[in-house]
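Engineer: To be precise about what I am sending: the file is called start33.tsv and holds TSV, C-alpha atoms and all ligand atoms.
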chain	number	residue	atom	x	y	z
A	1	MET	CA	184.12	-32.76	-151.38
A	2	ASP	CA	183.21	-31.31	-154.77
A	3	PRO	CA	179.88	-29.72	-155.79
A	4	GLU	CA	178.70	-32.91	-157.50
A	5	GLN	CA	179.18	-34.85	-154.27
A	6	GLU	CA	177.39	-32.14	-152.30
A	7	ILE	CA	174.44	-32.22	-154.71
A	8	ALA	CA	174.33	-36.02	-154.61
A	9	ILE	CA	174.35	-36.12	-150.81
A	10	GLY	CA	171.63	-33.47	-150.65
A	11	LEU	CA	169.39	-35.26	-153.14
A	12	GLN	CA	169.91	-38.61	-151.44
A	13	SER	CA	169.21	-37.28	-147.94
A	14	ALA	CA	166.20	-35.18	-148.94
A	15	PRO	CA	163.52	-37.91	-148.76
A	16	ARG	CA	164.72	-39.09	-145.36
A	17	MET	CA	164.78	-35.56	-143.97
A	18	ALA	CA	161.36	-34.78	-145.45
A	19	GLN	CA	159.93	-37.92	-143.82
A	20	GLU	CA	161.12	-36.76	-140.42
A	21	TYR	CA	158.92	-33.69	-140.84
A	22	GLY	CA	155.81	-35.49	-142.04
A	23	GLY	CA	156.66	-35.45	-145.75
A	24	LEU	CA	155.70	-32.69	-148.15
A	25	TYR	CA	152.80	-30.40	-147.37
A	26	GLN	CA	149.99	-31.54	-149.65
A	27	ASP	CA	149.13	-28.32	-151.42
A	28	ALA	CA	150.58	-27.74	-154.88
A	29	ARG	CA	149.88	-24.00	-154.81
A	30	ALA	CA	151.71	-23.48	-151.54
A	31	GLN	CA	154.61	-25.60	-152.80
A	32	SER	CA	154.96	-23.57	-155.98
A	33	TYR	CA	154.68	-20.32	-154.04
A	34	VAL	CA	157.58	-21.32	-151.79
A	35	ASP	CA	159.59	-22.41	-154.81
A	36	MET	CA	158.77	-19.19	-156.69
A	37	VAL	CA	160.07	-17.00	-153.84
A	38	GLY	CA	163.18	-19.17	-153.47
A	39	GLN	CA	163.98	-19.18	-157.18
A	40	LYS	CA	163.53	-15.41	-157.31
A	41	LEU	CA	166.19	-15.01	-154.63
A	42	VAL	CA	168.52	-17.34	-156.54
A	43	THR	CA	167.98	-15.68	-159.92
A	44	ASN	CA	168.74	-12.20	-158.61
A	45	SER	CA	171.87	-13.09	-156.65
A	46	VAL	CA	175.29	-14.70	-156.85
A	47	ALA	CA	173.58	-17.99	-156.01
A	48	SER	CA	172.65	-18.24	-159.70
A	49	ASN	CA	176.36	-18.47	-160.57
A	50	SER	CA	176.96	-21.37	-158.20
A	51	PRO	CA	177.01	-25.00	-159.40
A	52	TYR	CA	174.15	-25.94	-157.06
A	53	GLN	CA	170.61	-27.00	-157.95
A	54	TYR	CA	168.20	-25.15	-155.73
A	55	ASP	CA	164.89	-26.72	-154.77
A	56	PHE	CA	162.52	-25.36	-152.15
A	57	HIS	CA	160.13	-27.62	-150.27
A	58	LEU	CA	157.28	-27.00	-147.83
A	59	LEU	CA	157.11	-29.78	-145.23
A	60	ALA	CA	153.87	-30.90	-143.58
A	61	ASP	CA	155.02	-30.78	-139.92
A	62	PRO	CA	152.53	-28.44	-138.20
A	63	GLN	CA	154.40	-28.26	-134.87
A	64	THR	CA	158.14	-28.10	-135.38
A	65	ILE	CA	159.19	-24.59	-136.32
A	66	ASN	CA	162.19	-25.09	-138.55
A	67	ALA	CA	163.89	-24.49	-141.84
A	68	PHE	CA	167.06	-26.11	-143.08
A	69	ALA	CA	169.27	-26.69	-146.08
A	70	LEU	CA	171.05	-29.79	-147.30
A	71	PRO	CA	174.33	-29.60	-149.21
A	72	GLY	CA	173.93	-28.78	-152.89
A	73	GLY	CA	170.72	-26.77	-152.68
A	74	GLN	CA	167.80	-28.79	-151.22
A	75	ILE	CA	166.00	-26.33	-148.93
A	76	PHE	CA	163.08	-26.96	-146.59
A	77	ILE	CA	160.66	-25.01	-144.42
A	78	THR	CA	158.08	-26.61	-142.13
A	79	TYR	CA	154.44	-25.65	-142.29
A	80	ALA	CA	154.72	-24.72	-138.60
A	81	LEU	CA	157.13	-21.91	-139.49
A	82	TYR	CA	155.55	-21.06	-142.85
A	83	SER	CA	152.13	-20.56	-141.26
A	84	GLN	CA	153.52	-18.05	-138.76
A	85	LEU	CA	155.09	-15.82	-141.41
A	86	GLN	CA	153.22	-12.60	-142.01
A	87	ASN	CA	154.28	-11.77	-145.55
A	88	GLU	CA	156.33	-12.81	-148.58
A	89	ASP	CA	159.30	-10.76	-147.41
A	90	GLN	CA	159.60	-12.89	-144.28
A	91	LEU	CA	159.45	-16.06	-146.35
A	92	ALA	CA	162.21	-14.60	-148.52
A	93	GLY	CA	164.21	-13.95	-145.35
A	94	VAL	CA	163.96	-17.57	-144.22
A	95	LEU	CA	164.76	-18.99	-147.66
A	96	GLY	CA	167.55	-16.48	-148.26
A	97	HIS	CA	169.15	-17.51	-144.98
A	98	GLU	CA	169.03	-21.17	-146.07
A	99	ILE	CA	170.50	-20.34	-149.50
A	100	GLY	CA	173.31	-18.76	-147.49
A	101	HIS	CA	173.99	-22.09	-145.78
A	102	VAL	CA	174.26	-23.81	-149.19
A	103	LEU	CA	176.53	-21.15	-150.69
A	104	GLY	CA	178.63	-21.03	-147.52
A	105	ARG	CA	178.99	-24.85	-147.75
A	106	HIS	CA	178.26	-25.06	-144.03
A	107	SER	CA	177.00	-28.63	-143.83
A	108	ALA	CA	179.34	-29.76	-146.61
A	109	GLU	CA	182.27	-28.62	-144.48
A	110	ARG	CA	180.96	-30.46	-141.43
A	111	ILE	CA	180.45	-33.64	-143.45
A	112	ALA	CA	183.94	-33.38	-144.93
A	113	GLU	CA	185.38	-32.99	-141.43
A	114	SER	CA	183.44	-35.90	-140.00
A	115	GLU	CA	185.18	-39.12	-139.17
A	116	PHE	CA	182.58	-40.92	-141.21
A	117	TRP	CA	183.40	-39.03	-144.39
A	118	GLN	CA	187.13	-39.30	-143.93
A	119	THR	CA	186.80	-43.05	-143.61
A	120	VAL	CA	184.63	-43.53	-146.67
A	121	SER	CA	186.47	-41.07	-148.87
A	122	GLN	CA	189.70	-42.93	-148.28
A	123	GLY	CA	188.27	-46.30	-149.22
A	124	ALA	CA	185.45	-45.74	-151.65
A	125	SER	CA	185.13	-43.69	-154.78
A	126	VAL	CA	182.55	-41.13	-153.84
A	127	GLY	CA	180.78	-39.80	-156.86
A	128	ALA	CA	177.19	-39.25	-157.87
A	129	ASP	CA	176.45	-42.65	-156.34
A	130	ALA	CA	176.37	-41.42	-152.78
A	131	GLY	CA	173.15	-43.24	-151.90
A	132	GLY	CA	174.71	-45.79	-149.61
A	133	LEU	CA	176.75	-43.17	-147.86
A	134	VAL	CA	174.19	-40.71	-146.66
A	135	ALA	CA	172.74	-43.13	-144.13
A	136	GLY	CA	175.99	-42.78	-142.21
A	137	ILE	CA	175.78	-39.01	-142.00
A	138	GLY	CA	173.98	-38.06	-138.83
A	139	GLN	CA	171.38	-35.34	-138.62
A	140	ASN	CA	173.60	-33.28	-136.35
A	141	VAL	CA	176.30	-33.26	-138.99
A	142	LEU	CA	173.79	-32.32	-141.68
A	143	LEU	CA	171.93	-29.63	-139.76
A	144	GLY	CA	173.91	-28.51	-136.75
A	145	ASN	CA	175.09	-25.10	-137.86
A	146	GLY	CA	177.39	-23.18	-135.58
A	147	ARG	CA	176.89	-19.62	-134.51
A	148	GLY	CA	179.31	-18.28	-137.12
A	149	ASP	CA	177.44	-20.14	-139.85
A	150	GLU	CA	174.14	-18.65	-138.68
A	151	LEU	CA	175.43	-15.09	-138.68
A	152	GLU	CA	177.01	-15.53	-142.11
A	153	SER	CA	173.74	-16.91	-143.48
A	154	ASP	CA	171.73	-14.06	-141.95
A	155	ASP	CA	174.08	-11.60	-143.62
A	156	LEU	CA	173.74	-13.33	-147.00
A	157	GLY	CA	169.99	-13.62	-146.52
A	158	VAL	CA	169.69	-9.86	-146.00
A	159	ARG	CA	171.78	-9.27	-149.12
A	160	PHE	CA	169.61	-11.61	-151.20
A	161	MET	CA	166.41	-9.97	-149.91
A	162	ILE	CA	167.61	-6.53	-150.98
A	163	LYS	CA	168.73	-7.82	-154.40
A	164	SER	CA	165.24	-9.17	-155.03
A	165	GLY	CA	163.46	-6.07	-153.81
A	166	TYR	CA	162.24	-7.48	-150.50
A	167	ASP	CA	162.16	-5.44	-147.31
A	168	PRO	CA	165.19	-6.63	-145.31
A	169	TYR	CA	163.71	-5.37	-142.04
A	170	GLN	CA	161.25	-8.25	-142.30
A	171	MET	CA	164.17	-10.50	-141.35
A	172	ILE	CA	163.87	-8.91	-137.90
A	173	GLY	CA	160.24	-10.00	-137.89
A	174	VAL	CA	161.38	-13.55	-138.61
A	175	MET	CA	163.69	-13.37	-135.58
A	176	GLU	CA	160.75	-12.26	-133.43
A	177	ILE	CA	158.79	-15.30	-134.57
A	178	LEU	CA	161.73	-17.58	-133.84
A	179	LYS	CA	162.25	-16.01	-130.46
A	180	ALA	CA	158.61	-16.50	-129.52
A	181	ALA	CA	158.83	-20.11	-130.71
A	182	ALA	CA	161.94	-20.88	-128.70
A	183	GLY	CA	160.31	-20.63	-125.31
A	184	PRO	CA	161.78	-22.54	-122.37
A	185	SER	CA	159.88	-25.76	-122.94
A	186	ARG	CA	159.51	-25.70	-126.71
A	187	VAL	CA	161.35	-27.06	-129.75
A	188	PRO	CA	164.84	-27.69	-128.38
A	189	GLU	CA	165.66	-29.14	-131.81
A	190	PHE	CA	165.16	-25.74	-133.33
A	191	GLN	CA	167.26	-24.01	-130.69
A	192	SER	CA	170.11	-26.37	-131.40
A	193	THR	CA	170.18	-25.59	-135.10
A	194	HIS	CA	169.34	-21.86	-134.96
A	195	PRO	CA	170.61	-20.31	-131.73
A	196	ASP	CA	170.24	-16.82	-130.29
A	197	PRO	CA	167.58	-14.82	-132.16
A	198	ASP	CA	168.37	-11.78	-129.99
A	199	ASN	CA	172.00	-11.51	-130.94
A	200	ARG	CA	171.16	-12.27	-134.53
A	201	MET	CA	168.81	-9.28	-134.71
A	202	GLU	CA	171.59	-6.87	-133.89
A	203	LYS	CA	173.84	-8.33	-136.59
A	204	ILE	CA	170.98	-8.29	-139.08
A	205	ARG	CA	170.55	-4.54	-138.50
A	206	GLU	CA	174.26	-4.10	-139.23
A	207	SER	CA	173.92	-6.09	-142.45
A	208	ILE	CA	170.96	-3.99	-143.57
A	209	LYS	CA	173.03	-0.85	-143.10
A	210	LYS	CA	176.01	-2.41	-144.86
A	211	TYR	CA	173.98	-3.35	-147.94
A	212	GLY	CA	172.02	-0.11	-147.94
A	213	GLY	CA	168.58	-1.66	-147.41
B	1	ZN	ZN	170.51	-21.38	-140.21
Would you mind writing the file out in structure tokens?

Structural biologist:
Amino acid sequence: MDPEQEIAIGLQSAPRMAQEYGGLYQDARAQSYVDMVGQKLVTNSVASNSPYQYDFHLLADPQTINAFALPGGQIFITYALYSQLQNEDQLAGVLGHEIGHVLGRHSAERIAESEFWQTVSQGASVGADAGGLVAGIGQNVLLGNGRGDELESDDLGVRFMIKSGYDPYQMIGVMEILKAAAGPSRVPEFQSTHPDPDNRMEKIRESIKKYGG
């Protein structure tokens, strides 16, 4: 899968994914604020040298605490998570983590490994016209990051925060919010895509030391 295919799949899946979280949050100022913080992280990091087109979207869902990235740079945060963040640094932590998923090609790798993709890529020419294909890519394939992917994205997120002058310790604060949200009876969907806030905190502290934050 090349970057153009990743971007095409991301752009084509974005409306469907947004719909599942109530569409875009209807507040232009909040949208541009989220995009401003995201673009700042991109501009000041290696992400700006990647072929991807980064877009940051605030989704209306007031209950599902989540953030996710599609291949090629489409990044989303739900209002439920956004509204719990205490400062811009924490927002930068969430978005930096998601940029890490894009740069690490985490969902692109899962798609490429999927039976679905292997079938279509043998038969069809898969270019910018990926519209008909994305319907066959399940949400688990798109969003189900493994533990290794999460830790790698946390590490990159910390690095991006420092590069843009944000306080990387606020990433720990994000983990506290996630931990509180992932109570026994709540948001299993979130737990499946972003496991183990406790273990992540320890690794995040190591990353902060490593990058001198
Ligand atoms: Zn993640």

Engineer: Go ahead and compute the interatomic distance for CA of Met175 (chain A) and CA of Asp198 (chain A), in Å to one decimal.

Structural biologist: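 These two atoms are separated by 7.5 Å.
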
Engineer: Around ligand ZN 1 (chain B), out to 12 Å and counting all atoms listed in the file, which residues are there? I want them as a PyMOL selection string.

Structural biologist: chain A and resi 66-70+75-77+93-102+104-107+142-157+175+178+190-197+200

Engineer: Now that the selection is made, can you save its residues with C-alpha atoms as a PDB file, keeping the file's coordinate frame?

Structural biologist:
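Heads up, here's the output in selection02.pdb:
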ATOM      1  CA  ASN A  66     162.190 -25.090-138.550  1.00  0.00           C
ATOM      2  CA  ALA A  67     163.890 -24.490-141.840  1.00  0.00           C
ATOM      3  CA  PHE A  68     167.060 -26.110-143.080  1.00  0.00           C
ATOM      4  CA  ALA A  69     169.270 -26.690-146.080  1.00  0.00           C
ATOM      5  CA  LEU A  70     171.050 -29.790-147.300  1.00  0.00           C
ATOM      6  CA  ILE A  75     166.000 -26.330-148.930  1.00  0.00           C
ATOM      7  CA  PHE A  76     163.080 -26.960-146.590  1.00  0.00           C
ATOM      8  CA  ILE A  77     160.660 -25.010-144.420  1.00  0.00           C
ATOM      9  CA  GLY A  93     164.210 -13.950-145.350  1.00  0.00           C
ATOM     10  CA  VAL A  94     163.960 -17.570-144.220  1.00  0.00           C
ATOM     11  CA  LEU A  95     164.760 -18.990-147.660  1.00  0.00           C
ATOM     12  CA  GLY A  96     167.550 -16.480-148.260  1.00  0.00           C
ATOM     13  CA  HIS A  97     169.150 -17.510-144.980  1.00  0.00           C
ATOM     14  CA  GLU A  98     169.030 -21.170-146.070  1.00  0.00           C
ATOM     15  CA  ILE A  99     170.500 -20.340-149.500  1.00  0.00           C
ATOM     16  CA  GLY A 100     173.310 -18.760-147.490  1.00  0.00           C
ATOM     17  CA  HIS A 101     173.990 -22.090-145.780  1.00  0.00           C
ATOM     18  CA  VAL A 102     174.260 -23.810-149.190  1.00  0.00           C
ATOM     19  CA  GLY A 104     178.630 -21.030-147.520  1.00  0.00           C
ATOM     20  CA  ARG A 105     178.990 -24.850-147.750  1.00  0.00           C
ATOM     21  CA  HIS A 106     178.260 -25.060-144.030  1.00  0.00           C
ATOM     22  CA  SER A 107     177.000 -28.630-143.830  1.00  0.00           C
ATOM     23  CA  LEU A 142     173.790 -32.320-141.680  1.00  0.00           C
ATOM     24  CA  LEU A 143     171.930 -29.630-139.760  1.00  0.00           C
ATOM     25  CA  GLY A 144     173.910 -28.510-136.750  1.00  0.00           C
ATOM     26  CA  ASN A 145     175.090 -25.100-137.860  1.00  0.00           C
ATOM     27  CA  GLY A 146     177.390 -23.180-135.580  1.00  0.00           C
ATOM     28  CA  ARG A 147     176.890 -19.620-134.510  1.00  0.00           C
ATOM     29  CA  GLY A 148     179.310 -18.280-137.120  1.00  0.00           C
ATOM     30  CA  ASP A 149     177.440 -20.140-139.850  1.00  0.00           C
ATOM     31  CA  GLU A 150     174.140 -18.650-138.680  1.00  0.00           C
ATOM     32  CA  LEU A 151     175.430 -15.090-138.680  1.00  0.00           C
ATOM     33  CA  GLU A 152     177.010 -15.530-142.110  1.00  0.00           C
ATOM     34  CA  SER A 153     173.740 -16.910-143.480  1.00  0.00           C
ATOM     35  CA  ASP A 154     171.730 -14.060-141.950  1.00  0.00           C
ATOM     36  CA  ASP A 155     174.080 -11.600-143.620  1.00  0.00           C
ATOM     37  CA  LEU A 156     173.740 -13.330-147.000  1.00  0.00           C
ATOM     38  CA  GLY A 157     169.990 -13.620-146.520  1.00  0.00           C
ATOM     39  CA  MET A 175     163.690 -13.370-135.580  1.00  0.00           C
ATOM     40  CA  LEU A 178     161.730 -17.580-133.840  1.00  0.00           C
ATOM     41  CA  PHE A 190     165.160 -25.740-133.330  1.00  0.00           C
ATOM     42  CA  GLN A 191     167.260 -24.010-130.690  1.00  0.00           C
ATOM     43  CA  SER A 192     170.110 -26.370-131.400  1.00  0.00           C
ATOM     44  CA  THR A 193     170.180 -25.590-135.100  1.00  0.00           C
ATOM     45  CA  HIS A 194     169.340 -21.860-134.960  1.00  0.00           C
ATOM     46  CA  PRO A 195     170.610 -20.310-131.730  1.00  0.00           C
ATOM     47  CA  ASP A 196     170.240 -16.820-130.290  1.00  0.00           C
ATOM     48  CA  PRO A 197     167.580 -14.820-132.160  1.00  0.00           C
ATOM     49  CA  ARG A 200     171.160 -12.270-134.530  1.00  0.00           C
TER      50      ARG A 200
END

Engineer: Give the answer as one residue: which of A:Arg205, A:Arg29, A:Val37, A:Leu24 has the shortest atom-to-atom distance to Ile172 (chain A), using all atoms listed in the file?

Structural biologist: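 Of the candidates, the smallest distance to Ile172 (chain A) is held by A:Arg205.
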
Engineer: Expressed in Å to a single decimal, how great is the separation between CA of Ser50 (chain A) and CA of Asp2 (chain A)?

Structural biologist: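 Computing it gives 12.2 Å between the two atoms.
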
Engineer: Counting only C-alpha atoms, which of A:Met17, A:Ala8, A:Gln26, A:Tyr79 gets nearest to Gln53 (chain A)?

Structural biologist: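 Under the stated criterion, the closest residue is A:Ala8.
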
Engineer: Just to confirm, what's the straight-line distance from CA of Ala80 (chain A) to CA of Ala60 (chain A) in Å (one decimal)?

Structural biologist: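 Spanning CA of Ala80 (chain A) to CA of Ala60 (chain A) is a straight-line distance of 8.0 Å.
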
Engineer: With distances taken over only C-alpha atoms, which residue among A:Lys163, A:Glu176, A:Val34, A:Pro3 lies nearest Val46 (chain A)?

Structural biologist: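 Using only C-alpha atoms, the shortest distance to Val46 (chain A) belongs to A:Lys163.
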
Engineer: Could you check which residues have any atom within 12 Å of (162.3, -4.2, -152.0), counting all atoms listed in the file with coordinates taken straight from the file, and then list them as a list of chain:residue names?

Structural biologist: A:Leu41, A:Glu88, A:Asp89, A:Gln90, A:Ala92, A:Gly93, A:Val158, A:Arg159, A:Phe160, A:Met161, A:Ile162, A:Lys163, A:Ser164, A:Gly165, A:Tyr166, A:Asp167, A:Pro168, A:Tyr169, A:Gln170, A:Gly212, A:Gly213

Engineer: So that I can see what lies close to Ala28 (chain A), please list as a tab-separated table (two decimals) with C-alpha atoms, in the coordinates of the input the residues with an atom at most 12 Å from it, counting all atoms listed in the file and leaving out residues fewer than 4 positions away in the same chain.

Structural biologist:
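Output saved as out_26.tsv:
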chain	number	residue	atom	x	y	z
A	24	LEU	CA	155.70	-32.69	-148.15
A	32	SER	CA	154.96	-23.57	-155.98
A	33	TYR	CA	154.68	-20.32	-154.04
A	34	VAL	CA	157.58	-21.32	-151.79
A	35	ASP	CA	159.59	-22.41	-154.81
A	36	MET	CA	158.77	-19.19	-156.69
A	57	HIS	CA	160.13	-27.62	-150.27
A	58	LEU	CA	157.28	-27.00	-147.83
A	59	LEU	CA	157.11	-29.78	-145.23

Engineer: Just checking: using all atoms listed in the file, which residue out of A:Gln84, A:Glu20, A:Pro62, A:Ser45 ends up closest to Ala180 (chain A)?

Structural biologist: A:Gln84

Engineer: Taking all atoms listed in the file into account, which of A:Asp55, A:Gln5, A:Tyr82, A:Met171 comes nearest Ala108 (chain A)?

Structural biologist: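 Closest residue, counting all atoms listed in the file: A:Gln5.
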